[in-house]
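Structure record follows, encoded as structure tokens.
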Amino acid sequence: MNKYYFTSESVTEGHPDKLCDYISDKILDEYLKQDKFSRVAVETFATGDLVVVAGQVTSNGNVNVESIVRETIKEIGFNNKNTDIDYNNCKIIVNITKQSPDIAMGVDIGGAGDQGIMFGYACNETPNYMPLAIDLAHKLSLRLTNVRKENILNYLRPDGKTQVTVEYENDMPKRIETILISTQHEENITMDKLKQDIKEHVIFPTIDKNLIDENTKIYINPTGKFVIGGPLGDTGLTGRKIIVDTYGGYSRHGGGAFSGKDPTKVDRSASYMLRHIAKNIVANGLAKKCELQISYAIGMKDPLSLYINTFGTSTIPEEKIISIIKNNFNLTPDGIINYLNLREPIYSKTTNYGHFGKDGLSYEKIVKLEI
């Protein structure tokens, strides 16, 4: 199509699903600090004043899970049982067992921890090689959190969502059609003040003014007040924000969540690797857009398949790019883990505001490909 619209959403770290993701990754990081070969698959569930942590862990580490849960809830800013959840007195249930020996049998020899398909994507729409809509949605969510934590808007509470619709023309971003922000707040704030403050302190400092015009629609808390939030307003669960975590729906998704999983789980590590490869294909000038798919079988080292789509933007044949990938990168689980240094406790840095497009992560580095 000559002109079309595409929308992506993001959520703040106080969204109940992200609260659960963050707890799971904090637990993972603590196990990796104590034992870098820990195998962790931890899920978190939060509703009302109850948090349940369950899963499988095999590790020499000894982690106080309840303490991590309370510290994480406190860090996010939840401290009121009447509006969201209170880290001081919420109920916590922990049920963690060891990894199945049937799974461990394949992982012990360097095989994949499960079967599955994973995707990676990059494009030249933004400096960080992310699609524009999800990039802006994440920046708005991060700004929404920062103005709360820095007391610029001290009446905000941790829960919130953002959404951005971008108008494309000839397959390139032209302008923003719609900005939507829903944010939790204290009871005594009027909607007029909230809307004025969000525009002044969140939207306009974040979005390039050249992307906003007189026809751009801005919606702030469209249903009115948003006082009850967090797990009190909506049940949270690890792994329910997989599109927010990746490319905002602009690229396909294999279905596997990231948070709470150690790097032997290719759902996470292979997705990180494919992002790295796709980003470097674009950064090295081999294509303007690149989507990759890979597949694995449980217990097997080598991938079953590798697929590429550059959407007609490649500068050399796609078959040649596949050869370049295979010549430059070891795509076995151990090869990925070692190349990206994934046994380090980096995962709570990845949880919020997208796993991709952020500085300081090994899979976001740009390298020169041997062509």
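Naming works like this for the structure tokens: A, B, ... for the chains as they're shown, residue 1 at the start of each chain, ligands 1 onward in shown order.
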
Exercise for the section: Might you pull out every residue within 9 Å of Ile277 in chain A, with only C-alpha atoms counted and same-chain residues fewer than 4 positions away left off, and present them as a list in words? Expected result: Gly120, Tyr121, Ala122, Tyr272, Met273, Ile281, Val282, Leu292, Ile325, Phe329 and Tyr363 of chain A

Of A:Val42, A:Ile93, A:Val202, A:Leu274, the one sitting nearest Leu142 in chain A when using only C-alpha atoms is A:Val202

Query raised in the report: Hey, what does DSSP flag as helix (DSSP H, G or I) within range 116-225 of chain A? Can you give it to me as a ChimeraX atom specification?
Result: /A:132-149,191-206,209-211

For those residues, write N, CA and C atoms to a file as a short mmCIF file (atom, residue, chain, number, x, y, z; two decimals), in the first residue's frame.
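Contents of out_23.cif, freshly written:
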```
data_model
loop_
_atom_site.label_atom_id
_atom_site.label_comp_id
_atom_site.auth_asym_id
_atom_site.auth_seq_id
_atom_site.Cartn_x
_atom_site.Cartn_y
_atom_site.Cartn_z
N LEU A 132 9.61 2.28 14.15
CA LEU A 132 9.38 3.56 14.81
C LEU A 132 8.27 3.49 15.86
N ALA A 133 7.17 2.81 15.58
CA ALA A 133 6.03 2.83 16.50
C ALA A 133 6.39 2.24 17.86
N ILE A 134 7.04 1.09 17.89
CA ILE A 134 7.39 0.46 19.16
C ILE A 134 8.50 1.26 19.86
N ASP A 135 9.41 1.83 19.09
CA ASP A 135 10.48 2.63 19.67
C ASP A 135 9.90 3.84 20.41
N LEU A 136 8.95 4.53 19.81
CA LEU A 136 8.33 5.69 20.45
C LEU A 136 7.45 5.28 21.62
N ALA A 137 6.74 4.18 21.49
CA ALA A 137 5.89 3.71 22.59
C ALA A 137 6.74 3.39 23.83
N HIS A 138 7.89 2.74 23.63
CA HIS A 138 8.80 2.45 24.75
C HIS A 138 9.33 3.74 25.37
N LYS A 139 9.70 4.70 24.55
CA LYS A 139 10.25 5.96 25.08
C LYS A 139 9.21 6.71 25.90
N LEU A 140 7.95 6.67 25.47
CA LEU A 140 6.89 7.31 26.24
C LEU A 140 6.68 6.60 27.57
N SER A 141 6.72 5.26 27.57
CA SER A 141 6.55 4.50 28.81
C SER A 141 7.69 4.79 29.78
N LEU A 142 8.91 4.83 29.27
CA LEU A 142 10.06 5.12 30.12
C LEU A 142 9.97 6.54 30.69
N ARG A 143 9.57 7.48 29.86
CA ARG A 143 9.42 8.86 30.33
C ARG A 143 8.32 8.96 31.38
N LEU A 144 7.24 8.22 31.19
CA LEU A 144 6.15 8.21 32.15
C LEU A 144 6.64 7.72 33.52
N THR A 145 7.51 6.73 33.52
CA THR A 145 8.09 6.23 34.77
C THR A 145 9.06 7.25 35.36
N ASN A 146 9.89 7.86 34.51
CA ASN A 146 10.90 8.79 35.01
C ASN A 146 10.29 10.03 35.65
N VAL A 147 9.22 10.58 35.07
CA VAL A 147 8.63 11.79 35.67
C VAL A 147 7.98 11.46 37.02
N ARG A 148 7.59 10.20 37.19
CA ARG A 148 7.07 9.79 38.50
C ARG A 148 8.19 9.64 39.51
N LYS A 149 9.24 8.90 39.14
CA LYS A 149 10.32 8.62 40.08
C LYS A 149 11.15 9.86 40.40
N MET A 191 -8.74 15.42 35.84
CA MET A 191 -8.38 14.96 34.51
C MET A 191 -7.77 16.09 33.68
N ASP A 192 -8.23 17.30 33.88
CA ASP A 192 -7.68 18.43 33.11
C ASP A 192 -6.20 18.63 33.43
N LYS A 193 -5.85 18.56 34.72
CA LYS A 193 -4.44 18.73 35.10
C LYS A 193 -3.61 17.56 34.60
N LEU A 194 -4.14 16.35 34.74
CA LEU A 194 -3.41 15.17 34.28
C LEU A 194 -3.10 15.27 32.79
N LYS A 195 -4.09 15.61 32.00
CA LYS A 195 -3.89 15.69 30.55
C LYS A 195 -2.89 16.78 30.18
N GLN A 196 -3.00 17.93 30.84
CA GLN A 196 -2.05 19.01 30.57
C GLN A 196 -0.63 18.60 30.93
N ASP A 197 -0.47 17.98 32.11
CA ASP A 197 0.87 17.60 32.58
C ASP A 197 1.48 16.49 31.71
N ILE A 198 0.67 15.51 31.29
CA ILE A 198 1.22 14.43 30.46
C ILE A 198 1.69 14.97 29.12
N LYS A 199 0.93 15.88 28.54
CA LYS A 199 1.37 16.49 27.28
C LYS A 199 2.68 17.26 27.48
N GLU A 200 2.71 18.09 28.52
CA GLU A 200 3.85 18.98 28.75
C GLU A 200 5.11 18.25 29.17
N HIS A 201 4.97 17.24 30.03
CA HIS A 201 6.14 16.61 30.64
C HIS A 201 6.48 15.23 30.08
N VAL A 202 5.56 14.61 29.35
CA VAL A 202 5.82 13.27 28.83
C VAL A 202 5.86 13.26 27.30
N ILE A 203 4.79 13.71 26.66
CA ILE A 203 4.69 13.58 25.20
C ILE A 203 5.62 14.53 24.47
N PHE A 204 5.51 15.81 24.74
CA PHE A 204 6.26 16.79 23.94
C PHE A 204 7.77 16.73 24.15
N PRO A 205 8.28 16.40 25.37
CA PRO A 205 9.74 16.24 25.49
C PRO A 205 10.27 14.95 24.85
N THR A 206 9.37 14.01 24.53
CA THR A 206 9.79 12.69 24.05
C THR A 206 9.69 12.55 22.54
N LYS A 209 8.98 16.88 17.36
CA LYS A 209 7.86 17.75 16.98
C LYS A 209 7.54 17.69 15.49
N ASN A 210 8.51 17.27 14.68
CA ASN A 210 8.27 17.15 13.24
C ASN A 210 7.37 15.98 12.89
N LEU A 211 7.17 15.07 13.85
CA LEU A 211 6.30 13.93 13.61
C LEU A 211 4.85 14.20 14.02
#
```

**Asked** CA of Cys20 in chain A and CA of Ser269 in chain A are how many Å apart?
**Response**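 For CA of Cys20 in chain A relative to CA of Ser269 in chain A, the distance reads 19.9 Å.
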
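Every protein, DNA or RNA residue with an atom at most 10 Å from Asn280 in chain A, where only C-alpha atoms count and chain neighbours fewer than 6 positions away do not, is listed here: A:Ala122, A:Tyr129, A:Leu274, A:Leu286, A:Ala287, A:Cys290, A:Tyr363, A:Glu364, A:Lys365, A:Ile366, A:Val367, A:Lys368, A:Leu369.
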
Closest pair table for range 22-108 of chain A residues within 6 Å of range 226-234 of chain A, only C-alpha atoms, as a tab-separated table:
```
residue	atom	partner	partner_atom	distance
A:Ala46	CA	A:Pro231	CA	5.7
A:Thr47	CA	A:Pro231	CA	4.6
A:Gly48	CA	A:Leu232	CA	4.1
A:Thr83	CA	A:Ile228	CA	4.6
A:Asp84	CA	A:Gly230	CA	4.7
```

Go ahead and write the residues just picked, N, CA and C atoms, as a short mmCIF file (atom, residue, chain, number, x, y, z; two decimals), in the first residue's frame.
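Okay, this is what ended up in result_2.cif:
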```
data_model
loop_
_atom_site.label_atom_id
_atom_site.label_comp_id
_atom_site.auth_asym_id
_atom_site.auth_seq_id
_atom_site.Cartn_x
_atom_site.Cartn_y
_atom_site.Cartn_z
N ALA A 46 0.64 -12.57 39.90
CA ALA A 46 0.28 -11.58 40.91
C ALA A 46 -1.18 -11.17 40.76
N THR A 47 -1.91 -11.20 41.86
CA THR A 47 -3.30 -10.75 41.84
C THR A 47 -3.65 -10.23 43.23
N GLY A 48 -4.24 -9.06 43.28
CA GLY A 48 -4.56 -8.45 44.56
C GLY A 48 -3.31 -8.27 45.40
N THR A 83 -4.70 0.68 46.51
CA THR A 83 -4.71 1.09 45.11
C THR A 83 -3.96 0.14 44.18
N ASP A 84 -3.05 -0.69 44.70
CA ASP A 84 -2.26 -1.58 43.83
C ASP A 84 -1.74 -2.79 44.60
#
```

Show me, as CSV, the residues of range 40-131 of chain A having an atom within 12 Å of range 241-263 of chain A, each with the closest atom pair and its distance in Å, using only C-alpha atoms.
```
residue,atom,partner,partner_atom,distance
A:Val40,CA,A:Asp262,CA,5.2
A:Ala41,CA,A:Lys261,CA,4.7
A:Val42,CA,A:Gly260,CA,4.8
A:Glu43,CA,A:Gly260,CA,6.3
A:Thr44,CA,A:Gly260,CA,8.6
A:Val53,CA,A:Gly260,CA,10.5
A:Ala54,CA,A:Gly260,CA,10.4
A:Gly55,CA,A:Gly260,CA,9.1
A:Gln56,CA,A:Lys261,CA,9.8
A:Val57,CA,A:Asp262,CA,9.7
A:Thr58,CA,A:Asp262,CA,10.7
A:Ser59,CA,A:Asp262,CA,11.3
A:Gln99,CA,A:Asp262,CA,11.9
A:Val107,CA,A:Pro263,CA,10.9
A:Gly110,CA,A:Pro263,CA,11.5
A:Gly111,CA,A:Pro263,CA,11.8
A:Ala112,CA,A:Pro263,CA,9.7
A:Gly113,CA,A:Pro263,CA,9.0
A:Asp114,CA,A:Gly256,CA,10.5
A:Gln115,CA,A:Gly256,CA,10.4
A:Gly116,CA,A:Gly254,CA,7.3
A:Ile117,CA,A:Gly254,CA,5.0
A:Met118,CA,A:Gly254,CA,4.7
A:Phe119,CA,A:His253,CA,5.8
A:Gly120,CA,A:Ser251,CA,7.9
A:Tyr121,CA,A:Ser251,CA,6.5
A:Ala122,CA,A:Tyr247,CA,8.8
A:Cys123,CA,A:Tyr250,CA,10.3
A:Glu125,CA,A:Tyr250,CA,12.0
A:Tyr129,CA,A:Tyr247,CA,10.5
A:Met130,CA,A:Tyr247,CA,7.2
A:Pro131,CA,A:Tyr247,CA,6.9
```

Sel. of strand (DSSP E) residues, range 142-369 of chain A, as number ranges by chain
A: 156-169, 172-185, 217-220, 236-237, 289-296, 305-309

Can I get the selected residues back with C-alpha atoms, as a CSV table (one decimal), in the first residue's frame?
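Result file follows (out-v7.csv):
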```csv
chain,number,residue,atom,x,y,z
A,156,LEU,CA,1.5,9.4,39.3
A,157,ARG,CA,1.4,5.7,40.3
A,158,PRO,CA,3.5,2.9,38.7
A,159,ASP,CA,0.9,1.3,36.4
A,160,GLY,CA,0.6,2.7,32.8
A,161,LYS,CA,0.4,2.0,29.1
A,162,THR,CA,1.3,3.8,25.9
A,163,GLN,CA,0.4,3.3,22.3
A,164,VAL,CA,1.6,5.0,19.1
A,165,THR,CA,0.1,4.9,15.6
A,166,VAL,CA,2.5,5.8,12.7
A,167,GLU,CA,1.4,6.8,9.2
A,168,TYR,CA,3.6,5.3,6.5
A,169,GLU,CA,3.9,6.5,3.0
A,172,MET,CA,8.6,4.9,5.2
A,173,PRO,CA,7.3,6.6,8.4
A,174,LYS,CA,5.8,10.0,7.6
A,175,ARG,CA,4.0,11.3,10.8
A,176,ILE,CA,2.3,10.2,13.9
A,177,GLU,CA,-1.5,9.7,13.6
A,178,THR,CA,-2.3,8.9,17.2
A,179,ILE,CA,-0.7,8.9,20.7
A,180,LEU,CA,-2.5,7.1,23.6
A,181,ILE,CA,-1.4,7.2,27.2
A,182,SER,CA,-3.2,5.6,30.2
A,183,THR,CA,-1.5,6.2,33.5
A,184,GLN,CA,-2.4,5.4,37.1
A,185,HIS,CA,-2.7,8.4,39.4
A,217,LYS,CA,-4.8,12.7,17.8
A,218,ILE,CA,-3.7,12.6,21.5
A,219,TYR,CA,-5.7,10.6,24.0
A,220,ILE,CA,-4.9,10.6,27.7
A,236,GLY,CA,-0.3,-10.2,36.2
A,237,LEU,CA,1.6,-13.1,34.8
A,289,LYS,CA,14.9,-4.5,6.6
A,290,CYS,CA,15.7,-8.0,7.7
A,291,GLU,CA,13.6,-10.7,9.4
A,292,LEU,CA,15.1,-14.0,10.4
A,293,GLN,CA,13.6,-17.3,11.6
A,294,ILE,CA,15.4,-20.2,13.2
A,295,SER,CA,14.1,-23.5,14.6
A,296,TYR,CA,15.5,-26.1,17.1
A,305,SER,CA,16.3,-24.4,9.7
A,306,LEU,CA,17.3,-20.8,9.0
A,307,TYR,CA,15.1,-18.4,7.0
A,308,ILE,CA,15.5,-14.8,5.9
A,309,ASN,CA,13.2,-12.2,4.4
```

Q.
My list of candidates is A:Val52, A:Val11, A:Leu32, A:Ile68. Which is closest to Arg240 in chain A when distances are computed with only C-alpha atoms?
A.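 Ranked by minimum distance to Arg240 in chain A, first place goes to A:Val11.
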
Checklist entry - Between A:Lys18, A:Glu214, A:Tyr4, A:Phe45, which has the minimum distance to Thr235 in chain A (counting only C-alpha atoms)? => result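 Under the stated criterion, the closest residue is A:Phe45.
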
Original post:
So, counting only C-alpha atoms, which residue among A:Ser348, A:Asn95, A:Thr310, A:Thr264 is closest to Ile109 in chain A?
Top reply: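 That would be A:Thr264, the residue with the smallest distance to Ile109 in chain A.
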
Point to revise | A:Ile96, A:Val51, A:Glu150, A:Arg268 ranked by distance to Asp17 in chain A, top pick (using only C-alpha atoms) | key: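 Distance minimum relative to Asp17 in chain A lands on A:Val51.
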
Min atom-atom distance to Pro345 in chain A from the set A:Lys36, A:Ser24, A:Glu13, A:Glu75, counting only C-alpha atoms, belongs to A:Lys36
